[in-house]
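Shown next, in structure tokens, is the structure this report addresses.
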Amino acid sequence: MSIRNDLLEAILTATGTGGVPTDNFAGGLLDYNDLATATTPISHTGGATTPLTNDEAGAFTNKLYPPVGVTDVWDAINDEFDWSDLKLGDMVDIRLDIVVTTSSANQEITVELELGQGGFSYRIPFIQLFYKTSGVKKVGAFIGLYMGDTNTLNNKGQFIFTSANNADIKVNGWFCKIIRRG
């Protein structure tokens, strides 16, 4: 096995890559758990748009494993995603975990990820659910996105909740898997 490693190193050195490819993918994770809405849920008024908040003060917040060069992608002070540590071509997979208390039978709820806030904003559908009965609903979804243009990369993002009826929202949190282009 040592001979194969020596041979690989010799090939990489001879081809000018110096031993380690420079265009590697690297990854890490950040997990943001909310504390405030555990006791005081977000109150949604039917027909309005309601941004989801996350103070990242929950017991399961984990910011120990970001990829190299990334400090954060969530700004808890302004309740928005901040992609400034990323670059074009980087990818972010986000898992959203909320608990919604619906107020009406036959109630539809929608969560979208609004990107490009401060530039040309646009929304990516995240969750669209229809409940026949009112009550407490555990909601989770997973989506992948990428920094494909400077509008997305250089502007903020935020989760937006909508429903024609009133609802209360408890944010358990969101987990972000970050994959960086080398």
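We name chains A, B, ... following the order of the structure tokens; residues begin at 1 in each chain, and ligands are numbered from 1 as shown.
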Who sits within 12 Å of range 31-34 of chain A, only C-alpha atoms, same chain under 5 positions skipped, as a PDB file with N, CA and C atoms, in the first residue's frame:
```pdb
ATOM      1  N   THR A  39     -41.650  28.938  24.260  1.00  0.00           N
ATOM      2  CA  THR A  39     -42.610  29.409  25.264  1.00  0.00           C
ATOM      3  C   THR A  39     -43.569  30.454  24.705  1.00  0.00           C
ATOM      4  N   THR A  40     -43.141  31.195  23.698  1.00  0.00           N
ATOM      5  CA  THR A  40     -43.989  32.214  23.079  1.00  0.00           C
ATOM      6  C   THR A  40     -43.970  32.008  21.571  1.00  0.00           C
ATOM      7  N   PRO A  41     -44.887  31.177  21.055  1.00  0.00           N
ATOM      8  CA  PRO A  41     -44.902  30.926  19.611  1.00  0.00           C
ATOM      9  C   PRO A  41     -45.132  32.205  18.800  1.00  0.00           C
ATOM     10  N   ILE A  42     -44.710  32.162  17.559  1.00  0.00           N
ATOM     11  CA  ILE A  42     -44.966  33.259  16.628  1.00  0.00           C
ATOM     12  C   ILE A  42     -46.451  33.219  16.291  1.00  0.00           C
ATOM     13  N   LEU A  52     -40.231  33.761   9.797  1.00  0.00           N
ATOM     14  CA  LEU A  52     -39.899  32.873  10.911  1.00  0.00           C
ATOM     15  C   LEU A  52     -38.608  33.351  11.560  1.00  0.00           C
ATOM     16  N   THR A  53     -38.597  33.361  12.876  1.00  0.00           N
ATOM     17  CA  THR A  53     -37.449  33.831  13.644  1.00  0.00           C
ATOM     18  C   THR A  53     -36.714  32.650  14.271  1.00  0.00           C
ATOM     19  N   ASN A  54     -35.456  32.893  14.630  1.00  0.00           N
ATOM     20  CA  ASN A  54     -34.649  31.874  15.300  1.00  0.00           C
ATOM     21  C   ASN A  54     -33.540  32.590  16.054  1.00  0.00           C
ATOM     22  N   ASP A  55     -33.612  32.542  17.381  1.00  0.00           N
ATOM     23  CA  ASP A  55     -32.616  33.247  18.200  1.00  0.00           C
ATOM     24  C   ASP A  55     -31.336  32.435  18.400  1.00  0.00           C
ATOM     25  N   GLU A  56     -31.285  31.235  17.892  1.00  0.00           N
ATOM     26  CA  GLU A  56     -30.186  30.265  18.009  1.00  0.00           C
ATOM     27  C   GLU A  56     -29.711  30.072  19.454  1.00  0.00           C
ATOM     28  N   ALA A  57     -30.607  30.328  20.412  1.00  0.00           N
ATOM     29  CA  ALA A  57     -30.272  30.175  21.832  1.00  0.00           C
ATOM     30  C   ALA A  57     -30.766  28.849  22.405  1.00  0.00           C
ATOM     31  N   GLY A  58     -31.323  27.994  21.570  1.00  0.00           N
ATOM     32  CA  GLY A  58     -31.820  26.693  22.021  1.00  0.00           C
ATOM     33  C   GLY A  58     -30.693  25.765  22.428  1.00  0.00           C
ATOM     34  N   ALA A  59     -31.021  24.806  23.267  1.00  0.00           N
ATOM     35  CA  ALA A  59     -30.026  23.896  23.840  1.00  0.00           C
ATOM     36  C   ALA A  59     -29.287  23.067  22.795  1.00  0.00           C
ATOM     37  N   PHE A  60     -29.900  22.834  21.637  1.00  0.00           N
ATOM     38  CA  PHE A  60     -29.273  21.968  20.641  1.00  0.00           C
ATOM     39  C   PHE A  60     -28.593  22.731  19.505  1.00  0.00           C
ATOM     40  N   THR A  61     -28.427  24.038  19.670  1.00  0.00           N
ATOM     41  CA  THR A  61     -27.658  24.789  18.675  1.00  0.00           C
ATOM     42  C   THR A  61     -26.253  24.215  18.643  1.00  0.00           C
ATOM     43  N   ASN A  62     -25.761  23.957  17.429  1.00  0.00           N
ATOM     44  CA  ASN A  62     -24.430  23.365  17.261  1.00  0.00           C
ATOM     45  C   ASN A  62     -23.715  24.108  16.141  1.00  0.00           C
ATOM     46  N   LYS A  63     -22.729  24.904  16.521  1.00  0.00           N
ATOM     47  CA  LYS A  63     -21.955  25.667  15.547  1.00  0.00           C
ATOM     48  C   LYS A  63     -20.481  25.251  15.592  1.00  0.00           C
ATOM     49  N   LEU A  64     -20.243  23.990  15.984  1.00  0.00           N
ATOM     50  CA  LEU A  64     -18.875  23.494  16.146  1.00  0.00           C
ATOM     51  C   LEU A  64     -18.241  22.976  14.856  1.00  0.00           C
ATOM     52  N   TYR A  65     -19.028  22.708  13.815  1.00  0.00           N
ATOM     53  CA  TYR A  65     -18.491  22.025  12.651  1.00  0.00           C
ATOM     54  C   TYR A  65     -18.739  22.734  11.321  1.00  0.00           C
ATOM     55  N   PRO A  66     -18.523  24.044  11.257  1.00  0.00           N
ATOM     56  CA  PRO A  66     -18.695  24.695   9.951  1.00  0.00           C
ATOM     57  C   PRO A  66     -17.533  24.334   9.034  1.00  0.00           C
ATOM     58  N   ASP A  72     -20.654  31.550   9.944  1.00  0.00           N
ATOM     59  CA  ASP A  72     -22.094  31.430  10.155  1.00  0.00           C
ATOM     60  C   ASP A  72     -22.810  31.622   8.832  1.00  0.00           C
ATOM     61  N   VAL A  73     -24.051  31.130   8.744  1.00  0.00           N
ATOM     62  CA  VAL A  73     -24.917  31.485   7.626  1.00  0.00           C
ATOM     63  C   VAL A  73     -26.256  32.035   8.131  1.00  0.00           C
ATOM     64  N   TRP A  74     -26.451  32.051   9.461  1.00  0.00           N
ATOM     65  CA  TRP A  74     -27.678  32.599  10.044  1.00  0.00           C
ATOM     66  C   TRP A  74     -27.321  33.775  10.935  1.00  0.00           C
ATOM     67  N   ASP A  75     -28.011  34.889  10.738  1.00  0.00           N
ATOM     68  CA  ASP A  75     -27.844  36.097  11.552  1.00  0.00           C
ATOM     69  C   ASP A  75     -29.043  36.182  12.498  1.00  0.00           C
ATOM     70  N   ALA A  76     -28.843  35.775  13.746  1.00  0.00           N
ATOM     71  CA  ALA A  76     -29.939  35.715  14.714  1.00  0.00           C
ATOM     72  C   ALA A  76     -30.413  37.105  15.133  1.00  0.00           C
ATOM     73  N   ASP A  79     -32.573  37.971  12.091  1.00  0.00           N
ATOM     74  CA  ASP A  79     -33.418  36.849  11.671  1.00  0.00           C
ATOM     75  C   ASP A  79     -33.403  36.656  10.159  1.00  0.00           C
ATOM     76  N   GLU A  80     -32.187  36.460   9.627  1.00  0.00           N
ATOM     77  CA  GLU A  80     -32.049  36.256   8.190  1.00  0.00           C
ATOM     78  C   GLU A  80     -30.797  35.446   7.892  1.00  0.00           C
ATOM     79  N   PHE A  81     -30.836  34.769   6.763  1.00  0.00           N
ATOM     80  CA  PHE A  81     -29.646  34.075   6.291  1.00  0.00           C
ATOM     81  C   PHE A  81     -28.697  35.098   5.693  1.00  0.00           C
ATOM     82  N   ASP A  93     -27.773  22.859   2.017  1.00  0.00           N
ATOM     83  CA  ASP A  93     -28.975  22.051   2.216  1.00  0.00           C
ATOM     84  C   ASP A  93     -29.549  22.448   3.566  1.00  0.00           C
ATOM     85  N   ILE A  94     -30.841  22.753   3.613  1.00  0.00           N
ATOM     86  CA  ILE A  94     -31.464  23.227   4.848  1.00  0.00           C
ATOM     87  C   ILE A  94     -32.625  22.320   5.229  1.00  0.00           C
ATOM     88  N   ARG A  95     -32.611  21.888   6.492  1.00  0.00           N
ATOM     89  CA  ARG A  95     -33.745  21.143   7.049  1.00  0.00           C
ATOM     90  C   ARG A  95     -34.469  22.065   8.028  1.00  0.00           C
ATOM     91  N   LEU A  96     -35.742  22.284   7.799  1.00  0.00           N
ATOM     92  CA  LEU A  96     -36.585  23.133   8.648  1.00  0.00           C
ATOM     93  C   LEU A  96     -37.409  22.249   9.565  1.00  0.00           C
ATOM     94  N   ASP A  97     -37.510  22.626  10.845  1.00  0.00           N
ATOM     95  CA  ASP A  97     -38.269  21.863  11.834  1.00  0.00           C
ATOM     96  C   ASP A  97     -39.120  22.846  12.633  1.00  0.00           C
ATOM     97  N   ILE A  98     -40.446  22.826  12.404  1.00  0.00           N
ATOM     98  CA  ILE A  98     -41.361  23.717  13.106  1.00  0.00           C
ATOM     99  C   ILE A  98     -42.571  22.928  13.598  1.00  0.00           C
ATOM    100  N   VAL A  99     -43.305  23.522  14.524  1.00  0.00           N
ATOM    101  CA  VAL A  99     -44.577  22.974  14.988  1.00  0.00           C
ATOM    102  C   VAL A  99     -45.619  24.072  14.779  1.00  0.00           C
ATOM    103  N   ILE A 169     -46.795  29.392  15.501  1.00  0.00           N
ATOM    104  CA  ILE A 169     -45.643  28.639  15.004  1.00  0.00           C
ATOM    105  C   ILE A 169     -44.556  28.590  16.063  1.00  0.00           C
ATOM    106  N   LYS A 170     -44.155  27.384  16.400  1.00  0.00           N
ATOM    107  CA  LYS A 170     -42.997  27.158  17.262  1.00  0.00           C
ATOM    108  C   LYS A 170     -41.855  26.719  16.347  1.00  0.00           C
ATOM    109  N   VAL A 171     -40.743  27.434  16.405  1.00  0.00           N
ATOM    110  CA  VAL A 171     -39.578  27.088  15.589  1.00  0.00           C
ATOM    111  C   VAL A 171     -38.653  26.219  16.434  1.00  0.00           C
ATOM    112  N   ASN A 172     -38.540  24.948  16.075  1.00  0.00           N
ATOM    113  CA  ASN A 172     -37.539  24.111  16.738  1.00  0.00           C
ATOM    114  C   ASN A 172     -36.160  24.501  16.227  1.00  0.00           C
ATOM    115  N   GLY A 173     -36.064  24.727  14.928  1.00  0.00           N
ATOM    116  CA  GLY A 173     -34.798  25.189  14.374  1.00  0.00           C
ATOM    117  C   GLY A 173     -34.611  24.794  12.937  1.00  0.00           C
ATOM    118  N   TRP A 174     -33.406  25.070  12.433  1.00  0.00           N
ATOM    119  CA  TRP A 174     -33.008  24.607  11.114  1.00  0.00           C
ATOM    120  C   TRP A 174     -31.550  24.216  11.125  1.00  0.00           C
ATOM    121  N   PHE A 175     -31.294  23.185  10.359  1.00  0.00           N
ATOM    122  CA  PHE A 175     -29.954  22.611  10.206  1.00  0.00           C
ATOM    123  C   PHE A 175     -29.473  22.951   8.808  1.00  0.00           C
ATOM    124  N   CYS A 176     -28.235  23.390   8.695  1.00  0.00           N
ATOM    125  CA  CYS A 176     -27.659  23.747   7.392  1.00  0.00           C
ATOM    126  C   CYS A 176     -26.418  22.897   7.132  1.00  0.00           C
ATOM    127  N   LYS A 177     -26.469  22.135   6.044  1.00  0.00           N
ATOM    128  CA  LYS A 177     -25.296  21.407   5.577  1.00  0.00           C
ATOM    129  C   LYS A 177     -24.690  22.249   4.466  1.00  0.00           C
ATOM    130  N   ILE A 178     -23.430  22.611   4.608  1.00  0.00           N
ATOM    131  CA  ILE A 178     -22.779  23.501   3.657  1.00  0.00           C
ATOM    132  C   ILE A 178     -21.719  22.718   2.901  1.00  0.00           C
TER     133      ILE A 178
END
```
- Message: I need the strand (DSSP E) residues of range 105-160 of chain A per DSSP on the backbone, written as a PyMOL selection string.
- Response: chain A and resi 107-117+122-131+135-146+156-160
- Selection near Val92 in chain A, 9 Å with only C-alpha atoms, sequence-local residues under 3 positions removed, as a PyMOL selection string: chain A and resi 143-147+176-180
Got time to write the residues from that selection, C-alpha atoms, as an mmCIF file, in the first residue's frame?
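And here's result20.cif as it stands now:
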```
data_model
loop_
_atom_site.group_PDB
_atom_site.id
_atom_site.type_symbol
_atom_site.label_atom_id
_atom_site.label_comp_id
_atom_site.auth_asym_id
_atom_site.auth_seq_id
_atom_site.Cartn_x
_atom_site.Cartn_y
_atom_site.Cartn_z
ATOM 1 C CA ILE A 143 -34.304 21.578 0.535
ATOM 2 C CA GLY A 144 -31.066 22.190 -1.312
ATOM 3 C CA LEU A 145 -29.974 25.464 -2.850
ATOM 4 C CA TYR A 146 -26.813 26.838 -4.365
ATOM 5 C CA MET A 147 -25.132 30.191 -4.765
ATOM 6 C CA CYS A 176 -27.659 23.747 7.392
ATOM 7 C CA LYS A 177 -25.296 21.407 5.577
ATOM 8 C CA ILE A 178 -22.779 23.501 3.657
ATOM 9 C CA ILE A 179 -20.805 22.143 0.734
ATOM 10 C CA ARG A 180 -18.078 24.461 -0.540
#
```
- Message: What's the separation between CA of Val68 in chain A and CA of Asn154 in chain A, in Å to one decimal place?
- Response: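 CA of Asn154 in chain A lies at a distance of 19.4 Å from CA of Val68 in chain A.
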- Could you check which of A:Val70, A:Val136, A:Ala141, A:Ala48 is closest to Phe161 in chain A, using only C-alpha atoms?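 That would be A:Ala48, the residue with the smallest distance to Phe161 in chain A.
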- Output as a list in words all residues of chain A that backbone DSSP marks as helix (DSSP H, G or I).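 Filtering chain A to helix (DSSP H, G or I) leaves Ser2, Ile3, Arg4, Asn5, Asp6, Leu7, Leu8, Glu9, Ala10, Ile11, Leu12, Thr13, Ala14, Ala36, Thr37, Ala38, Thr39, Thr150, Asn151, Thr152, Leu153 and Asn154 of chain A.
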- Task: Could you tell me which of A:Leu29, A:Met91, A:Ala164, A:Leu86 comes closest to Phe130 in chain A if we count only C-alpha atoms?
- Result: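 Of the candidates, the smallest distance to Phe130 in chain A is held by A:Ala164.
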- Message: I'd like the interatomic distance between CA of Gly135 in chain A and CA of Asn166 in chain A, to a tenth of an Å.
- Response: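 If I compute the distance from CA of Gly135 in chain A to CA of Asn166 in chain A, I get 11.5 Å.
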- Atom-to-atom span, CA of Ser134 in chain A and CA of Thr162 in chain A, Å: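 For CA of Ser134 in chain A relative to CA of Thr162 in chain A, the distance reads 15.8 Å.
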- Task: Using only C-alpha atoms, find the one residue out of A:Ala105, A:Val100, A:Leu153, A:Ile77 that sits nearest to Gly119 in chain A.
- Result: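 Smallest separation from Gly119 in chain A among the options: A:Leu153.
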